[in-house]
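Read through the structure below, which is laid out as structure tokens, and then see the notes.
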Amino acid sequence: MKMTKRDFAVKIATEMNLTQKAVASVVQKTFDYLSKELVRSGNIELRNFGVFELVVRKSRAGRNPRKPENEVIIPERVVVKFRAGKELKERVGKLKPSSLKK
């Protein structure tokens, strides 16, 4: 099951006894600031949750599986990398693989 920003806002609003509109605004602002800071500094560390960082993927050759004789150069690009923090790793480590199957 996927969770949306709206789902976050509804859960937090219910738990904190706040309006969904106010919480949705805070959730959106949080994501806006995370995005801006990541682009500005290239690194965001949220203790016990994880680290977001920008990394450069090198240029490489790629192939279309249907026409493997055609080689395409995929240019280098900047991507976001996420490394889970200690607490998140521990929680995920306790999951059973069968619990994720649909």
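Chain lettering (A, B, ...) mirrors the order of the structure tokens, residue numbering begins at 1 for each chain separately, and ligand numbering begins at 1 in order of display.
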*Hey, what's within 8 Å of range 86-93 of chain A if we count only C-alpha atoms and toss same-chain stuff fewer than 3 positions away? As a count of residues only, please?*
3
*Just list the residues in chain A DSSP gives strand (DSSP E or B) on the backbone, as a ChimeraX atom specification.*
/A:43-46,50-57,60-64,67-74,77-84
Residues from the last selection, N, CA and C atoms, saved as an mmCIF file, in the first residue's frame:
```cif
data_model
loop_
_atom_site.group_PDB
_atom_site.id
_atom_site.type_symbol
_atom_site.label_atom_id
_atom_site.label_comp_id
_atom_site.auth_asym_id
_atom_site.auth_seq_id
_atom_site.Cartn_x
_atom_site.Cartn_y
_atom_site.Cartn_z
ATOM 1 N N ASN A 43 23.134 17.590 0.478
ATOM 2 C CA ASN A 43 23.144 16.603 1.551
ATOM 3 C C ASN A 43 22.148 17.000 2.644
ATOM 4 N N ILE A 44 21.309 16.057 3.051
ATOM 5 C CA ILE A 44 20.389 16.274 4.173
ATOM 6 C C ILE A 44 20.475 15.052 5.075
ATOM 7 N N GLU A 45 20.744 15.279 6.344
ATOM 8 C CA GLU A 45 20.829 14.182 7.307
ATOM 9 C C GLU A 45 19.699 14.323 8.322
ATOM 10 N N LEU A 46 18.858 13.315 8.388
ATOM 11 C CA LEU A 46 17.771 13.264 9.364
ATOM 12 C C LEU A 46 18.097 12.121 10.309
ATOM 13 N N GLY A 50 17.588 8.782 8.050
ATOM 14 C CA GLY A 50 18.450 8.517 6.910
ATOM 15 C C GLY A 50 19.112 9.762 6.370
ATOM 16 N N VAL A 51 19.884 9.555 5.310
ATOM 17 C CA VAL A 51 20.626 10.638 4.670
ATOM 18 C C VAL A 51 20.248 10.675 3.193
ATOM 19 N N PHE A 52 19.884 11.865 2.724
ATOM 20 C CA PHE A 52 19.647 12.100 1.309
ATOM 21 C C PHE A 52 20.873 12.840 0.793
ATOM 22 N N GLU A 53 21.411 12.392 -0.340
ATOM 23 C CA GLU A 53 22.539 13.108 -0.912
ATOM 24 C C GLU A 53 22.469 13.054 -2.427
ATOM 25 N N LEU A 54 23.062 14.075 -3.043
ATOM 26 C CA LEU A 54 23.142 14.115 -4.494
ATOM 27 C C LEU A 54 24.441 13.462 -4.926
ATOM 28 N N VAL A 55 24.351 12.584 -5.913
ATOM 29 C CA VAL A 55 25.538 11.944 -6.462
ATOM 30 C C VAL A 55 25.477 12.036 -7.982
ATOM 31 N N VAL A 56 26.643 12.004 -8.618
ATOM 32 C CA VAL A 56 26.716 12.065 -10.071
ATOM 33 C C VAL A 56 26.860 10.642 -10.605
ATOM 34 N N ARG A 57 25.932 10.265 -11.474
ATOM 35 C CA ARG A 57 26.035 8.976 -12.158
ATOM 36 C C ARG A 57 26.848 9.198 -13.428
ATOM 37 N N ARG A 60 27.276 6.265 -19.431
ATOM 38 C CA ARG A 60 27.461 4.847 -19.716
ATOM 39 C C ARG A 60 26.748 4.465 -21.007
ATOM 40 N N ALA A 61 27.071 3.299 -21.493
ATOM 41 C CA ALA A 61 26.413 2.789 -22.698
ATOM 42 C C ALA A 61 25.199 1.969 -22.280
ATOM 43 N N GLY A 62 24.119 2.143 -23.003
ATOM 44 C CA GLY A 62 22.909 1.385 -22.730
ATOM 45 C C GLY A 62 22.410 0.725 -23.996
ATOM 46 N N ARG A 63 21.562 -0.280 -23.853
ATOM 47 C CA ARG A 63 21.031 -0.998 -25.008
ATOM 48 C C ARG A 63 19.534 -1.210 -24.844
ATOM 49 N N ASN A 64 18.837 -1.173 -25.950
ATOM 50 C CA ASN A 64 17.428 -1.513 -25.986
ATOM 51 C C ASN A 64 17.349 -3.043 -26.022
ATOM 52 N N LYS A 67 16.426 -4.406 -29.374
ATOM 53 C CA LYS A 67 17.409 -4.225 -30.452
ATOM 54 C C LYS A 67 18.786 -4.053 -29.832
ATOM 55 N N PRO A 68 19.358 -5.127 -29.300
ATOM 56 C CA PRO A 68 20.629 -5.025 -28.575
ATOM 57 C C PRO A 68 21.799 -4.535 -29.431
ATOM 58 N N GLU A 69 21.658 -4.598 -30.747
ATOM 59 C CA GLU A 69 22.746 -4.125 -31.599
ATOM 60 C C GLU A 69 22.872 -2.600 -31.588
ATOM 61 N N ASN A 70 21.817 -1.900 -31.185
ATOM 62 C CA ASN A 70 21.848 -0.438 -31.104
ATOM 63 C C ASN A 70 22.311 0.003 -29.727
ATOM 64 N N GLU A 71 23.471 0.638 -29.677
ATOM 65 C CA GLU A 71 24.000 1.128 -28.408
ATOM 66 C C GLU A 71 23.707 2.623 -28.291
ATOM 67 N N VAL A 72 23.245 3.006 -27.114
ATOM 68 C CA VAL A 72 22.911 4.412 -26.854
ATOM 69 C C VAL A 72 23.776 4.890 -25.695
ATOM 70 N N ILE A 73 24.325 6.096 -25.824
ATOM 71 C CA ILE A 73 25.112 6.663 -24.730
ATOM 72 C C ILE A 73 24.162 7.398 -23.780
ATOM 73 N N ILE A 74 24.162 6.979 -22.530
ATOM 74 C CA ILE A 74 23.344 7.629 -21.503
ATOM 75 C C ILE A 74 24.263 8.644 -20.819
ATOM 76 N N ARG A 77 24.509 12.225 -15.085
ATOM 77 C CA ARG A 77 23.423 13.017 -14.508
ATOM 78 C C ARG A 77 23.513 12.981 -12.990
ATOM 79 N N VAL A 78 22.812 13.915 -12.373
ATOM 80 C CA VAL A 78 22.768 13.988 -10.913
ATOM 81 C C VAL A 78 21.506 13.282 -10.440
ATOM 82 N N VAL A 79 21.662 12.418 -9.432
ATOM 83 C CA VAL A 79 20.522 11.683 -8.879
ATOM 84 C C VAL A 79 20.540 11.797 -7.353
ATOM 85 N N VAL A 80 19.405 11.529 -6.744
ATOM 86 C CA VAL A 80 19.294 11.536 -5.287
ATOM 87 C C VAL A 80 19.534 10.118 -4.776
ATOM 88 N N LYS A 81 20.395 10.003 -3.795
ATOM 89 C CA LYS A 81 20.689 8.715 -3.167
ATOM 90 C C LYS A 81 20.196 8.789 -1.721
ATOM 91 N N PHE A 82 19.615 7.704 -1.225
ATOM 92 C CA PHE A 82 19.130 7.659 0.152
ATOM 93 C C PHE A 82 19.792 6.493 0.870
ATOM 94 N N ARG A 83 20.306 6.767 2.059
ATOM 95 C CA ARG A 83 20.851 5.720 2.926
ATOM 96 C C ARG A 83 20.046 5.721 4.214
ATOM 97 N N ALA A 84 19.492 4.597 4.552
ATOM 98 C CA ALA A 84 18.666 4.500 5.760
ATOM 99 C C ALA A 84 19.516 4.672 7.009
#
```
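Comparing A:Val27, A:Leu38, A:Ala22, A:Met16 by their smallest distance to Thr4 in chain A, the closest is A:Val27 (using only C-alpha atoms).
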_Which of chain A end up as alpha helix (DSSP H) when DSSP is run on this backbone - answer as a PyMOL selection string?_
chain A and resi 5-16+20-41+86-93
Could the residues in this selection be saved with N, CA and C atoms as a short mmCIF file (atom, residue, chain, number, x, y, z; two decimals), in the first residue's frame?
```cif
data_model
loop_
_atom_site.label_atom_id
_atom_site.label_comp_id
_atom_site.auth_asym_id
_atom_site.auth_seq_id
_atom_site.Cartn_x
_atom_site.Cartn_y
_atom_site.Cartn_z
N LYS A 5 1.00 12.25 0.47
CA LYS A 5 1.13 13.41 1.37
C LYS A 5 -0.18 13.66 2.09
N ARG A 6 -1.27 13.47 1.38
CA ARG A 6 -2.59 13.67 2.00
C ARG A 6 -2.80 12.68 3.14
N ASP A 7 -2.39 11.45 2.94
CA ASP A 7 -2.51 10.43 3.99
C ASP A 7 -1.72 10.85 5.23
N PHE A 8 -0.49 11.37 5.02
CA PHE A 8 0.30 11.87 6.14
C PHE A 8 -0.47 12.96 6.88
N ALA A 9 -0.98 13.91 6.11
CA ALA A 9 -1.69 15.05 6.72
C ALA A 9 -2.90 14.58 7.52
N VAL A 10 -3.66 13.66 6.98
CA VAL A 10 -4.86 13.16 7.66
C VAL A 10 -4.48 12.46 8.97
N LYS A 11 -3.45 11.60 8.91
CA LYS A 11 -3.02 10.88 10.13
C LYS A 11 -2.53 11.85 11.21
N ILE A 12 -1.70 12.79 10.81
CA ILE A 12 -1.14 13.74 11.78
C ILE A 12 -2.25 14.63 12.34
N ALA A 13 -3.14 15.10 11.47
CA ALA A 13 -4.24 15.97 11.91
C ALA A 13 -5.12 15.25 12.93
N THR A 14 -5.42 14.01 12.66
CA THR A 14 -6.26 13.22 13.57
C THR A 14 -5.56 13.01 14.91
N GLU A 15 -4.29 12.62 14.83
CA GLU A 15 -3.52 12.33 16.04
C GLU A 15 -3.28 13.58 16.90
N MET A 16 -3.06 14.72 16.24
CA MET A 16 -2.71 15.95 16.95
C MET A 16 -3.91 16.86 17.18
N GLN A 20 -6.88 19.40 8.96
CA GLN A 20 -6.16 18.76 7.87
C GLN A 20 -5.49 19.79 6.96
N LYS A 21 -6.16 20.92 6.77
CA LYS A 21 -5.62 21.97 5.90
C LYS A 21 -4.30 22.52 6.46
N ALA A 22 -4.28 22.78 7.76
CA ALA A 22 -3.07 23.32 8.39
C ALA A 22 -1.93 22.30 8.34
N VAL A 23 -2.24 21.05 8.63
CA VAL A 23 -1.21 20.01 8.63
C VAL A 23 -0.72 19.77 7.19
N ALA A 24 -1.63 19.77 6.23
CA ALA A 24 -1.23 19.58 4.83
C ALA A 24 -0.26 20.68 4.40
N SER A 25 -0.51 21.88 4.86
CA SER A 25 0.37 23.01 4.55
C SER A 25 1.77 22.80 5.15
N VAL A 26 1.82 22.33 6.38
CA VAL A 26 3.11 22.06 7.05
C VAL A 26 3.85 20.91 6.35
N VAL A 27 3.13 19.88 5.98
CA VAL A 27 3.75 18.74 5.29
C VAL A 27 4.33 19.22 3.96
N GLN A 28 3.57 20.01 3.21
CA GLN A 28 4.05 20.51 1.92
C GLN A 28 5.28 21.40 2.11
N LYS A 29 5.24 22.29 3.10
CA LYS A 29 6.39 23.17 3.39
C LYS A 29 7.62 22.34 3.75
N THR A 30 7.43 21.27 4.52
CA THR A 30 8.53 20.40 4.90
C THR A 30 9.20 19.82 3.65
N PHE A 31 8.41 19.29 2.73
CA PHE A 31 8.97 18.73 1.51
C PHE A 31 9.62 19.81 0.64
N ASP A 32 9.01 21.00 0.61
CA ASP A 32 9.60 22.11 -0.15
C ASP A 32 10.98 22.46 0.38
N TYR A 33 11.10 22.58 1.70
CA TYR A 33 12.38 22.93 2.31
C TYR A 33 13.41 21.82 2.13
N LEU A 34 12.98 20.57 2.25
CA LEU A 34 13.90 19.45 2.02
C LEU A 34 14.45 19.50 0.59
N SER A 35 13.57 19.73 -0.38
CA SER A 35 14.00 19.79 -1.78
C SER A 35 14.96 20.94 -2.02
N LYS A 36 14.62 22.12 -1.51
CA LYS A 36 15.48 23.29 -1.71
C LYS A 36 16.85 23.09 -1.08
N GLU A 37 16.87 22.56 0.13
CA GLU A 37 18.15 22.35 0.83
C GLU A 37 18.99 21.28 0.14
N LEU A 38 18.35 20.24 -0.35
CA LEU A 38 19.08 19.19 -1.04
C LEU A 38 19.74 19.74 -2.31
N VAL A 39 19.02 20.55 -3.06
CA VAL A 39 19.58 21.16 -4.27
C VAL A 39 20.69 22.15 -3.90
N ARG A 40 20.51 22.88 -2.80
CA ARG A 40 21.49 23.89 -2.40
C ARG A 40 22.78 23.28 -1.88
N SER A 41 22.66 22.31 -0.96
CA SER A 41 23.86 21.79 -0.31
C SER A 41 24.24 20.38 -0.75
N LYS A 86 20.15 4.30 11.29
CA LYS A 86 20.21 3.13 12.18
C LYS A 86 18.82 2.64 12.60
N GLU A 87 17.99 3.56 13.09
CA GLU A 87 16.66 3.16 13.57
C GLU A 87 15.81 2.58 12.45
N LEU A 88 15.82 3.22 11.29
CA LEU A 88 15.04 2.74 10.15
C LEU A 88 15.54 1.37 9.70
N LYS A 89 16.86 1.20 9.64
CA LYS A 89 17.44 -0.10 9.26
C LYS A 89 16.97 -1.19 10.21
N GLU A 90 16.97 -0.89 11.51
CA GLU A 90 16.54 -1.89 12.50
C GLU A 90 15.08 -2.26 12.32
N ARG A 91 14.23 -1.26 12.09
CA ARG A 91 12.80 -1.53 11.90
C ARG A 91 12.56 -2.37 10.65
N VAL A 92 13.23 -2.00 9.56
CA VAL A 92 13.07 -2.73 8.31
C VAL A 92 13.65 -4.14 8.45
N GLY A 93 14.75 -4.26 9.18
CA GLY A 93 15.37 -5.56 9.39
C GLY A 93 14.49 -6.56 10.11
#
```
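Closest approach to Ser59 in chain A among A:Lys94, A:Ser99, A:Pro75, A:Arg47 is made by A:Pro75 (distances from only C-alpha atoms).
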